[in-house]
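The structure appears below as structure tokens.
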Amino acid sequence: SVCLICGMESAPQFGNVMAGISHCGYCSGNKVDKTEAFKIMIIAGLEPQEDYPGAGKPWKSKCSKCKQITSPTYNSIASGTGCGVCGGKIVTEAQAVKIMKKAKLKPLVPYPGSKTNWKCECLKCGKVVYPNYGDVNQGDGGCKYCGGLFVEPEDAVALMRLNDLEPL
């Protein structure tokens with residue numbers, strides 16, 4: 001049927017119409033016209049890279065400002081959020097590597113995400129450590145050896161013997 005209010009083709013449920021809940025999916029805000037969805041994305045500075053998947057589904061798009069590919073939902077963009085990378089909610093691998101290098105850590109594997117331990121080599125002591133990006137970015141992480149939080153067992157034994165003590 002065609003909605004007499006908005007003119008869009010819709011299929012409202014009979015019970016909802018009788019209860020006065022909604023006229024159609026478009027009028028109730030549950031459905032979005034593809035053309036309107038594309039307009040909203042473009043206004044938000046995002047260029048869709050695929051067909052409109054639906055209001056609540058990830059929509060692969062390219063940010064016109066940072067040029068990153070992200071997948072926001074139409075609903076999130078329509079509610080006022082923009083590019084997750086520009087807004088600081090999404091961290092690219094290049095950004096993460098830069099922070100790790102600043103902390104004197106060299107990543108040895110691809111970026112696993114902000115809360116996952118990341119295999120790195122400490123550029124100060126050369127040991128392999130597993131900090132996570134989120135901790136390092138907040139200044140709470142780094143090399144556990146250089147930070148005095150961890151000692152190799154053989155180093156502890158050597159220190160004990162250097163001080164005339166024999167470990168049991």
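Labels used: A, B, ... for chains in the order of the structure tokens, numbers from 1 for residues in each chain, and numbers from 1 for ligands as shown.
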
#### Entry: Surrounding residues of Ile40 in chain A excluding itself and chain neighbours under 2 positions, 12 Å, only C-alpha atoms, as a PyMOL selection string
chain A and resi 32-38+42-48+52+55+73-82

Pick out the residues sitting within 9 Å of range 112-128 of chain A, and hand them over as a PDB file with C-alpha atoms, in the first residue's frame; count only C-alpha atoms, and ignore anything fewer than 3 positions along from it in its own chain.
ATOM      1  CA  VAL A  91      42.168   3.525  16.103  1.00  0.00           C
ATOM      2  CA  GLU A  93      46.923   0.376  12.825  1.00  0.00           C
ATOM      3  CA  ALA A  96      48.518   2.430  17.116  1.00  0.00           C
ATOM      4  CA  MET A 100      53.780   2.020  20.512  1.00  0.00           C
ATOM      5  CA  LYS A 101      56.965   3.380  18.924  1.00  0.00           C
ATOM      6  CA  ALA A 103      56.661   4.103  24.097  1.00  0.00           C
ATOM      7  CA  LYS A 104      59.843   2.437  22.732  1.00  0.00           C
ATOM      8  CA  LEU A 105      57.986  -0.696  21.606  1.00  0.00           C
ATOM      9  CA  LYS A 106      58.246  -2.292  18.170  1.00  0.00           C
ATOM     10  CA  PRO A 107      55.135  -4.288  17.153  1.00  0.00           C
ATOM     11  CA  LEU A 108      56.016  -7.758  15.839  1.00  0.00           C
ATOM     12  CA  VAL A 109      52.545  -8.723  14.567  1.00  0.00           C
ATOM     13  CA  PRO A 131      51.269  -4.884  26.303  1.00  0.00           C
ATOM     14  CA  ASN A 132      47.922  -3.752  24.931  1.00  0.00           C
ATOM     15  CA  TYR A 133      47.474  -0.531  22.976  1.00  0.00           C
ATOM     16  CA  GLY A 134      44.818   0.860  25.320  1.00  0.00           C
ATOM     17  CA  ASP A 135      47.110   0.686  28.367  1.00  0.00           C
ATOM     18  CA  GLY A 142      54.939  -0.587  28.165  1.00  0.00           C
ATOM     19  CA  CYS A 143      57.807  -2.920  28.880  1.00  0.00           C
ATOM     20  CA  TYR A 145      60.941  -5.384  32.487  1.00  0.00           C
ATOM     21  CA  CYS A 146      62.041  -1.760  32.024  1.00  0.00           C
TER      22      CYS A 146
END

### Query
CA of Pro58 in chain A and CA of Gln95 in chain A are how many Å apart?
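Pair CA of Pro58 in chain A / CA of Gln95 in chain A returns 22.5 Å.
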
### Task
Please return as number ranges by chain: the residues of chain A that backbone DSSP assigns to strand (DSSP E or B).
A: 2, 9, 46-48, 58, 61-63, 69-70, 73, 105-107, 117, 120-122, 128-129, 132

### Task
May I have the residues within 8 Å of Cys3 in chain A as a PyMOL selection string, using only C-alpha atoms and disregarding those fewer than 4 positions away in the same chain?
chain A and resi 7-10+23-24

Restricted to N, CA and C atoms, what would the selected residues look like written as a JSON list (two decimals), in the first residue's frame?
[["chain", "number", "residue", "atom", "x", "y", "z"],
["A", 7, "GLY", "N", 3.74, 9.23, 1.13],
["A", 7, "GLY", "CA", 3.76, 8.80, -0.27],
["A", 7, "GLY", "C", 4.65, 7.62, -0.56],
["A", 8, "MET", "N", 5.25, 7.04, 0.47],
["A", 8, "MET", "CA", 6.14, 5.90, 0.27],
["A", 8, "MET", "C", 5.33, 4.60, 0.27],
["A", 9, "GLU", "N", 5.84, 3.62, -0.47],
["A", 9, "GLU", "CA", 5.20, 2.31, -0.48],
["A", 9, "GLU", "C", 5.58, 1.60, 0.81],
["A", 10, "SER", "N", 4.59, 1.09, 1.51],
["A", 10, "SER", "CA", 4.83, 0.50, 2.81],
["A", 10, "SER", "C", 3.90, -0.68, 3.03],
["A", 23, "HIS", "N", 1.71, 4.71, 11.02],
["A", 23, "HIS", "CA", 1.09, 4.71, 9.70],
["A", 23, "HIS", "C", 1.88, 3.81, 8.76],
["A", 24, "CYS", "N", 3.17, 4.00, 8.76],
["A", 24, "CYS", "CA", 4.03, 3.17, 7.90],
["A", 24, "CYS", "C", 5.44, 3.16, 8.47]]

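Across the structure, CA of Val85 in chain A and CA of Ser71 in chain A are spaced 10.6 Å apart.
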